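Enquirer: Data file start-v5.txt (compact mmCIF, C-alpha atoms) is appended below.
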```txt
# COMPACT_ATOMS: atom_id res chain seq x y z
CA MET A 1 144.66 84.82 18.03
CA ARG A 2 140.93 84.98 17.69
CA HIS A 3 140.50 82.20 20.25
CA ILE A 4 142.78 84.02 22.66
CA LYS A 5 140.75 87.24 22.38
CA VAL A 6 137.53 85.38 23.05
CA SER A 7 139.03 83.74 26.14
CA ILE A 8 140.26 87.05 27.48
CA LEU A 9 136.82 88.54 26.94
CA LEU A 10 135.18 85.71 28.86
CA VAL A 11 137.58 86.20 31.76
CA VAL A 12 136.79 89.92 31.91
CA VAL A 13 133.03 89.25 31.87
CA PHE A 14 133.41 86.72 34.70
CA ILE A 15 135.41 89.16 36.84
CA LEU A 16 132.83 91.91 36.31
CA PHE A 17 129.96 89.55 37.19
CA PHE A 18 131.74 88.43 40.36
CA ALA A 19 132.44 92.01 41.42
CA VAL A 20 128.83 93.08 40.91
CA SER A 21 127.55 90.05 42.82
CA CYS A 22 129.81 90.80 45.80
CA LYS A 23 128.76 94.41 45.81
CA LYS A 24 125.07 93.48 45.97
CA LYS A 25 125.72 91.19 48.90
CA ASN A 26 127.64 93.90 50.78
CA ASP A 27 124.86 96.45 50.11
CA SER A 28 122.47 94.47 52.29
CA GLY A 29 124.19 95.96 55.46
CA PRO A 30 124.58 94.32 58.85
CA THR A 31 122.14 91.68 60.05
CA GLN A 32 119.15 93.16 62.02
CA THR A 33 118.71 91.52 65.44
CA ALA A 34 115.55 91.85 67.57
CA PRO A 35 115.71 92.18 71.38
CA SER A 36 115.43 88.95 73.33
CA ASN A 37 115.32 87.65 76.89
CA LEU A 38 113.21 90.56 78.18
CA THR A 39 112.66 90.55 81.94
CA VAL A 40 110.63 93.14 83.88
CA THR A 41 110.53 93.56 87.66
CA ALA A 42 108.43 95.87 89.85
CA VAL A 43 108.93 96.65 93.55
CA PRO A 44 106.04 98.70 95.05
CA SER A 45 106.78 100.87 98.09
CA THR A 46 105.20 99.90 101.38
CA ASN A 47 104.69 103.45 102.72
CA GLY A 48 101.44 104.18 100.89
CA SER A 49 103.05 106.70 98.53
CA GLY A 50 102.17 104.70 95.38
CA THR A 51 105.79 104.67 94.17
CA VAL A 52 106.99 101.61 92.26
CA ALA A 53 110.62 100.85 91.30
CA PHE A 54 110.69 99.30 87.81
CA SER A 55 113.57 97.55 86.03
CA ALA A 56 113.61 96.13 82.48
CA VAL A 57 116.52 94.26 80.88
CA ALA A 58 116.77 92.67 77.42
CA THR A 59 119.52 91.45 75.13
CA ASN A 60 120.16 93.80 72.16
CA ALA A 61 117.84 96.51 73.53
CA VAL A 62 118.81 100.20 73.52
CA SER A 63 115.64 101.67 75.04
CA TYR A 64 112.43 100.67 76.81
CA ASP A 65 108.90 102.09 76.49
CA TYR A 66 106.79 101.76 79.65
CA GLU A 67 102.98 101.81 79.56
CA PHE A 68 102.06 102.02 83.24
CA GLY A 69 98.43 100.97 82.93
CA ASP A 70 96.97 104.29 84.04
CA GLY A 71 97.42 106.11 80.72
CA ALA A 72 101.00 107.25 81.31
CA ILE A 73 103.79 106.29 78.88
CA LEU A 74 107.51 106.83 79.38
CA THR A 75 110.64 105.97 77.35
CA VAL A 76 113.68 105.01 79.44
CA ALA A 77 117.07 104.32 77.88
CA SER A 78 118.42 102.42 80.87
CA GLY A 79 115.24 100.45 81.56
CA VAL A 80 115.29 101.52 85.22
CA THR A 81 112.75 104.05 86.53
CA ASN A 82 110.49 104.96 89.44
CA TYR A 83 106.83 105.76 88.85
CA GLN A 84 104.23 107.10 91.30
CA TYR A 85 100.59 106.06 91.02
CA THR A 86 98.01 108.46 92.47
CA LEU A 87 94.75 106.49 92.52
CA VAL A 88 93.87 106.20 96.23
CA GLY A 89 93.38 102.67 97.52
CA THR A 90 94.77 99.26 96.58
CA ASN A 91 94.70 98.83 92.80
CA THR A 92 96.24 96.42 90.27
CA PHE A 93 97.68 97.76 87.00
CA THR A 94 98.87 95.97 83.85
CA VAL A 95 102.28 97.38 82.95
CA THR A 96 103.60 96.74 79.42
CA VAL A 97 107.26 97.24 78.52
CA THR A 98 108.47 97.38 74.91
CA ALA A 99 112.19 96.80 74.40
CA LYS A 100 113.64 98.34 71.23
CA SER A 101 116.80 97.48 69.33
CA SER A 102 119.00 99.98 67.48
CA SER A 103 117.32 98.97 64.24
CA GLY A 104 113.83 99.51 65.60
CA LEU A 105 112.87 95.90 66.19
CA THR A 106 110.82 95.33 69.36
CA LEU A 107 109.87 92.82 72.04
CA LYS A 108 106.99 93.30 74.50
CA LYS A 109 106.22 91.94 77.93
CA SER A 110 103.38 92.69 80.39
CA ILE A 111 103.27 92.22 84.15
CA GLN A 112 100.71 92.91 86.89
CA VAL A 113 101.62 95.27 89.72
CA THR A 114 99.48 95.91 92.82
CA VAL A 115 99.91 99.33 94.40
CA ASN A 116 98.60 100.83 97.65
CA VAL A 117 98.08 104.60 97.72
CA VAL A 118 97.10 106.21 101.00
CA ALA A 119 95.19 109.50 100.86
CA SER A 120 97.50 112.45 101.22
CA ALA A 121 97.99 113.77 104.72
CA PRO A 122 96.12 117.01 105.37
CA GLY A 123 98.10 120.19 104.84
CA LEU A 124 98.68 122.89 107.44
CA ILE A 125 96.31 125.82 106.80
CA TRP A 126 96.76 127.89 109.98
CA SER A 127 99.05 127.80 112.97
CA GLU A 128 100.15 129.74 116.01
CA GLU A 129 103.59 128.71 117.20
CA PHE A 130 103.91 131.36 119.96
CA ASN A 131 107.50 132.15 119.01
CA THR A 132 107.36 135.92 119.60
CA ASP A 133 107.53 137.06 123.22
CA GLY A 134 104.97 139.55 124.45
CA ALA A 135 101.23 139.88 123.97
CA PRO A 136 99.47 137.20 121.93
CA ASN A 137 99.32 138.02 118.20
CA ALA A 138 96.40 140.44 117.78
CA ALA A 139 95.97 139.33 114.17
CA LYS A 140 95.07 135.86 115.42
CA TRP A 141 93.57 136.30 118.88
CA GLY A 142 91.01 138.47 120.58
CA TYR A 143 89.77 138.38 124.18
CA ASP A 144 86.56 137.78 126.04
CA LEU A 145 86.63 140.24 128.96
CA GLY A 146 84.77 140.54 132.25
CA ALA A 147 83.07 138.45 134.91
CA GLY A 148 79.56 137.14 135.31
CA GLY A 149 80.17 133.42 135.63
CA TRP A 150 79.87 132.76 131.85
CA GLY A 151 76.82 130.58 132.53
CA ASN A 152 78.74 128.24 134.80
CA ASN A 153 79.11 130.24 138.05
CA GLU A 154 82.84 130.64 137.40
CA GLN A 155 84.81 132.85 139.81
CA GLN A 156 87.39 134.55 137.58
CA TYR A 157 87.47 137.95 135.88
CA TYR A 158 88.85 137.66 132.35
CA THR A 159 91.39 140.34 131.38
CA SER A 160 93.79 141.10 128.52
CA ARG A 161 96.68 141.87 130.90
CA ALA A 162 100.12 140.34 130.45
CA GLU A 163 99.77 138.94 133.96
CA ASN A 164 97.02 136.67 132.66
CA ALA A 165 98.09 136.02 129.05
CA VAL A 166 101.61 136.34 127.69
CA VAL A 167 103.91 134.63 125.18
CA LEU A 168 107.24 133.78 126.76
CA ASN A 169 110.04 131.43 125.72
CA GLY A 170 108.01 129.82 122.94
CA VAL A 171 104.79 129.16 124.82
CA LEU A 172 101.56 130.98 125.57
CA LYS A 173 100.90 131.16 129.30
CA ILE A 174 97.31 131.65 130.42
CA THR A 175 97.56 132.28 134.15
CA ALA A 176 94.84 132.35 136.79
CA ILE A 177 95.75 134.47 139.81
CA LYS A 178 94.11 134.78 143.21
CA GLU A 179 93.59 138.54 143.54
CA ALA A 180 90.78 140.99 144.12
CA TYR A 181 89.91 142.52 140.73
CA SER A 182 86.75 144.40 139.76
CA GLY A 183 84.65 142.52 142.28
CA SER A 184 86.09 139.07 141.54
CA ALA A 185 88.47 137.05 143.68
CA TYR A 186 90.48 135.65 140.72
CA THR A 187 91.72 136.81 137.31
CA SER A 188 92.49 134.81 134.18
CA ALA A 189 92.26 135.09 130.37
CA ARG A 190 90.11 133.73 127.56
CA LEU A 191 91.55 134.02 124.03
CA LEU A 192 89.52 133.32 120.91
CA SER A 193 90.01 133.40 117.14
CA LYS A 194 86.46 134.64 116.44
CA ASP A 195 86.31 136.97 113.40
CA LYS A 196 90.01 136.22 112.74
CA PHE A 197 90.08 132.52 111.88
CA SER A 198 87.58 129.69 111.67
CA PHE A 199 87.36 126.43 109.75
CA LYS A 200 85.03 123.59 108.80
CA TYR A 201 86.31 120.01 108.91
CA GLY A 202 89.93 119.00 109.23
CA LYS A 203 92.27 118.40 112.12
CA ILE A 204 93.31 120.65 115.00
CA GLU A 205 96.24 119.85 117.26
CA VAL A 206 97.07 121.80 120.41
CA ARG A 207 100.15 120.89 122.42
CA ALA A 208 99.77 121.94 126.02
CA LYS A 209 100.77 121.38 129.64
CA LEU A 210 97.92 121.81 132.09
CA PRO A 211 97.76 123.55 135.48
CA ALA A 212 97.38 121.78 138.80
CA GLY A 213 95.36 123.00 141.76
CA GLY A 214 91.85 122.40 143.02
CA GLY A 215 89.35 124.57 141.18
CA THR A 216 91.44 125.11 138.03
CA TRP A 217 89.52 124.46 134.81
CA PRO A 218 91.59 124.88 131.61
CA ALA A 219 89.91 124.28 128.26
CA ILE A 220 90.72 124.05 124.57
CA TRP A 221 87.47 124.26 122.64
CA MET A 222 85.44 125.64 119.73
CA LEU A 223 82.12 127.34 119.06
CA GLY A 224 80.06 127.66 115.90
CA ASN A 225 80.66 130.86 113.94
CA ASN A 226 76.93 131.60 113.94
CA ILE A 227 76.72 132.00 117.73
CA SER A 228 75.75 135.68 117.35
CA THR A 229 72.56 134.71 115.51
CA THR A 230 72.09 131.14 116.74
CA PRO A 231 72.48 131.00 120.52
CA TRP A 232 74.22 128.18 122.34
CA PRO A 233 73.79 125.21 122.21
CA ALA A 234 72.18 125.42 118.77
CA CYS A 235 75.42 126.86 117.40
CA GLY A 236 77.31 123.79 118.61
CA GLU A 237 80.28 123.44 120.94
CA ILE A 238 83.28 121.12 120.56
CA ASP A 239 85.39 120.70 123.70
CA ILE A 240 88.71 119.26 122.53
CA MET A 241 90.19 119.18 126.02
CA GLU A 242 88.91 120.03 129.49
CA HIS A 243 90.65 119.24 132.76
CA VAL A 244 89.71 120.05 136.33
CA GLY A 245 92.27 120.19 139.11
CA ASN A 246 89.94 118.33 141.43
CA GLN A 247 90.14 115.31 139.07
CA LEU A 248 93.84 115.30 138.31
CA ASN A 249 94.94 113.84 134.94
CA LYS A 250 91.39 113.11 133.74
CA ILE A 251 90.90 114.54 130.23
CA TYR A 252 87.40 115.31 128.95
CA ALA A 253 86.23 115.57 125.32
CA THR A 254 82.63 116.72 124.94
CA LEU A 255 80.17 117.96 122.31
CA HIS A 256 77.19 120.18 123.13
CA HIS A 257 74.22 120.63 120.81
CA PRO A 258 70.43 120.85 121.19
CA GLY A 259 69.27 118.29 123.72
CA HIS A 260 72.82 117.83 124.94
CA SER A 261 73.72 120.94 126.92
CA GLY A 262 75.31 121.24 130.34
CA GLY A 263 76.10 117.91 131.94
CA ASN A 264 74.19 116.09 129.19
CA GLY A 265 76.86 116.56 126.53
CA ASP A 266 78.10 113.72 124.34
CA GLY A 267 81.66 112.72 125.17
CA SER A 268 84.17 110.57 126.98
CA THR A 269 87.26 110.77 129.16
CA THR A 270 90.75 109.33 129.32
CA ILE A 271 93.42 109.28 132.01
CA ILE A 272 97.02 110.31 131.37
CA PRO A 273 99.52 110.16 134.24
CA ASP A 274 101.31 113.48 133.74
CA ALA A 275 98.87 116.02 132.30
CA THR A 276 100.17 118.77 134.61
CA THR A 277 103.88 118.00 134.38
CA ALA A 278 104.41 117.23 130.66
CA PHE A 279 103.22 118.55 127.31
CA HIS A 280 100.72 116.45 125.38
CA SER A 281 99.00 116.87 122.02
CA TYR A 282 95.23 117.28 122.25
CA ILE A 283 93.78 116.47 118.84
CA MET A 284 90.39 116.58 117.17
CA GLU A 285 89.73 115.15 113.68
CA TRP A 286 86.49 116.36 112.15
CA SER A 287 84.51 115.34 109.08
CA ALA A 288 80.90 115.28 107.90
CA THR A 289 80.55 111.77 109.31
CA SER A 290 82.64 111.71 112.49
CA ILE A 291 84.48 113.75 115.12
CA LYS A 292 87.39 111.95 116.78
CA PHE A 293 89.37 112.91 119.88
CA TYR A 294 92.93 111.91 120.74
CA VAL A 295 95.57 112.52 123.35
CA ASP A 296 98.82 112.19 121.45
CA THR A 297 98.21 109.13 119.23
CA GLN A 298 95.57 107.53 121.47
CA LEU A 299 92.00 107.73 120.16
CA PHE A 300 89.57 107.78 123.08
CA TYR A 301 86.25 109.02 121.69
CA THR A 302 84.45 108.98 118.33
CA PHE A 303 81.23 110.93 117.78
CA ALA A 304 78.96 110.18 114.79
CA ASN A 305 78.32 113.43 112.92
CA ASN A 306 75.45 113.93 110.45
CA ALA A 307 73.74 116.70 108.50
CA SER A 308 71.10 117.33 111.19
CA LEU A 309 73.71 118.46 113.74
CA PRO A 310 75.35 121.90 114.04
CA PHE A 311 78.83 120.46 113.43
CA ASN A 312 78.82 121.16 109.70
CA GLN A 313 79.77 124.82 109.63
CA ASN A 314 82.80 126.95 110.48
CA PHE A 315 83.96 126.96 114.12
CA PHE A 316 86.44 129.27 115.86
CA VAL A 317 89.02 128.35 118.52
CA ILE A 318 88.99 129.28 122.23
CA LEU A 319 91.77 128.90 124.82
CA ASN A 320 90.92 129.72 128.41
CA MET A 321 91.36 128.91 132.06
CA ALA A 322 88.39 129.24 134.38
CA MET A 323 88.28 128.98 138.15
CA GLY A 324 85.66 127.03 140.08
CA GLY A 325 82.11 127.01 138.80
CA ASN A 326 79.73 124.18 138.14
CA PHE A 327 82.41 122.02 136.51
CA GLY A 328 85.63 123.33 138.07
CA GLY A 329 84.33 122.71 141.57
CA ALA A 330 85.71 123.91 144.87
CA ILE A 331 88.78 126.11 144.72
CA ASP A 332 91.64 125.14 147.02
CA PRO A 333 91.95 127.91 149.67
CA ALA A 334 95.74 127.64 149.34
CA PHE A 335 95.62 128.39 145.59
CA THR A 336 97.64 131.44 144.53
CA SER A 337 98.28 131.04 140.78
CA ALA A 338 98.65 128.41 138.06
CA SER A 339 99.17 128.44 134.28
CA MET A 340 98.12 126.50 131.24
CA GLU A 341 101.09 126.51 128.84
CA ILE A 342 100.41 126.10 125.11
CA ASP A 343 103.28 125.27 122.77
CA TYR A 344 101.32 125.59 119.52
CA VAL A 345 97.94 125.44 117.79
CA ARG A 346 97.89 123.87 114.31
CA VAL A 347 94.99 123.35 111.94
CA TYR A 348 95.15 120.98 108.95
CA GLN A 349 92.83 120.31 106.02
```
What do you get writing this file as structure tokens?
Expert:
Amino acid sequence: MRHIKVSILLVVVFILFFAVSCKKKNDSGPTQTAPSNLTVTAVPSTNGSGTVAFSAVATNAVSYDYEFGDGAILTVASGVTNYQYTLVGTNTFTVTVTAKSSSGLTLKKSIQVTVNVVASAPGLIWSEEFNTDGAPNAAKWGYDLGAGGWGNNEQQYYTSRAENAVVLNGVLKITAIKEAYSGSAYTSARLLSKDKFSFKYGKIEVRAKLPAGGGTWPAIWMLGNNISTTPWPACGEIDIMEHVGNQLNKIYATLHHPGHSGGNGDGSTTIIPDATTAFHSYIMEWSATSIKFYVDTQLFYTFANNASLPFNQNFFVILNMAMGGNFGGAIDPAFTSASMEIDYVRVYQ
């Protein structure tokens, strides 16, 4: 009996030892597996926005940490994300992706991505769309009034009448009329944004259709804000567009400044076939180093600006139509009336 009791006791001890051993093995939990096979791809945009489409994939990964190389860090569960770089120019960044498993184990991979970021387009700061019929907006435009030739022996008398300046059907019409008026043989209008709006540097775009007829002289131009204290040409003049009916379809861009007044201005010309029958955009881009002139998308003159010139201050906008004079030339005896039509004026910075 004693031997039997000892045997039973040994069996019980063995069972207990086996049970404890199994329990310890089960307590270790599931096997921890690190991510593997990590691949990272990057597809930069080609539009200059700086946006890159990233994708990361790894076996056993549940999330991905992106370090974009410019200080930004982002965690993405799916591994797929878009990121926009902002440093202007073409730059190469080292992008590091860390794949994480559910147990916190990680795998890293770095790639190089080259990104092109174009400087942001200038924003619209002022515009006149001419969408309200009637007189031009008095909050944006004033008038030069009277005769006297304006220094160029012009033949018109400038008025503020609707006959000479009116907004109709989405355009401003500046109309020169052959009529006797206060001692002049013609009337017209000259609108200006002086004391209402001016700007320094940026881009101005004016979409217009020009008048035909010998002697017509429409202009889209600018003068320095300091003209009251600094007489022309020291104040500076920027002629964005001039056209004379005696030289049909020839567009002038000119700058006047000390030593370059009258016919000695700096500028150039371009020919467009339908200046008087179709609308075109007349554009000037202006910085501290250059002033560029376009018709639509065609650059036709670049002027080198510098700190010694008067083109580094605020300028205001002028829209007018003269008749005859030193530049407009002989007026066609058959002329009765003609209009410059302006769709909009937009200024960007």
Enquirer: So, counting all atoms listed in the file, which residue among A:Val345, A:Met321, A:Leu145, A:Ala330 is closest to Ile177 in chain A?
Expert: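 Distance minimum relative to Ile177 in chain A lands on A:Met321.
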Enquirer: Taking all atoms listed in the file into account, name the residue in A:Thr269, A:Gln155, A:Asn312, A:Gln32 that is nearest to Thr106 in chain A.
Expert: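 Checking each candidate against Thr106 in chain A, we get A:Gln32 as the closest.
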Enquirer: Rank nothing, just name the residue among A:Glu154, A:Glu129, A:Asp65, A:Glu242 nearest to Met323 in chain A, using all atoms listed in the file.
Expert: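 Once distances to Met323 in chain A are computed over all atoms listed in the file, the minimum belongs to A:Glu154.
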Enquirer: Can you list, as a list in words, every protein, DNA or RNA residue that comes within 6 Å of His243 in chain A when you count only C-alpha atoms, leaving out same-chain residues fewer than 5 positions away?
Expert: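 So the residues in contact are Trp217, Pro218 and Ile251 of chain A.
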Enquirer: Would you please work out which residue, of A:Thr41, A:Asn131, A:Asn169, A:Thr46, is nearest to Val95 in chain A when using all atoms listed in the file?
Expert: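 Checking each of A:Thr41, A:Asn131, A:Asn169, A:Thr46 against Val95 in chain A, counting all atoms listed in the file, the winner is A:Thr41.
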Enquirer: What's the separation between CA of Val40 in chain A and CA of Ile73 in chain A, in Å to one decimal place?
Expert: 15.6 Å
Enquirer: With all atoms listed in the file as the atoms that count, which of A:Pro333, A:Gly245, A:Gly224, A:Pro273 lies nearest to Phe315 in chain A?
Expert: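 The answer is A:Gly224, which sits nearest to Phe315 in chain A.
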Enquirer: Ranking A:Thr254, A:Asn314, A:Thr187, A:Asn91 by minimum distance to Gly267 in chain A and counting all atoms listed in the file, which one comes first?
Expert: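 Nearest to Gly267 in chain A: A:Thr254.
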Enquirer: Between CA of Glu163 in chain A and CA of Ser337 in chain A, what is the distance in Å, rounded to a tenth?
Expert: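 Calculated distance between CA of Glu163 in chain A and CA of Ser337 in chain A is 10.5 Å.
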Enquirer: Which residues, written as a VMD selection string, have at least one atom at most 9 Å from range 136-139 of chain A, with only C-alpha atoms counted and residues fewer than 4 positions away on the same chain left out?
Expert: chain A and resid 128 130 132 165 to 167 172 191 193 196
Enquirer: I'd like the contact shell of Thr81 in chain A - 9 Å cut-off, all atoms listed in the file, skipping same-chain residues fewer than 2 positions apart - returned as a ChimeraX atom specification.
Expert: /A:52-56,76,78-79,83
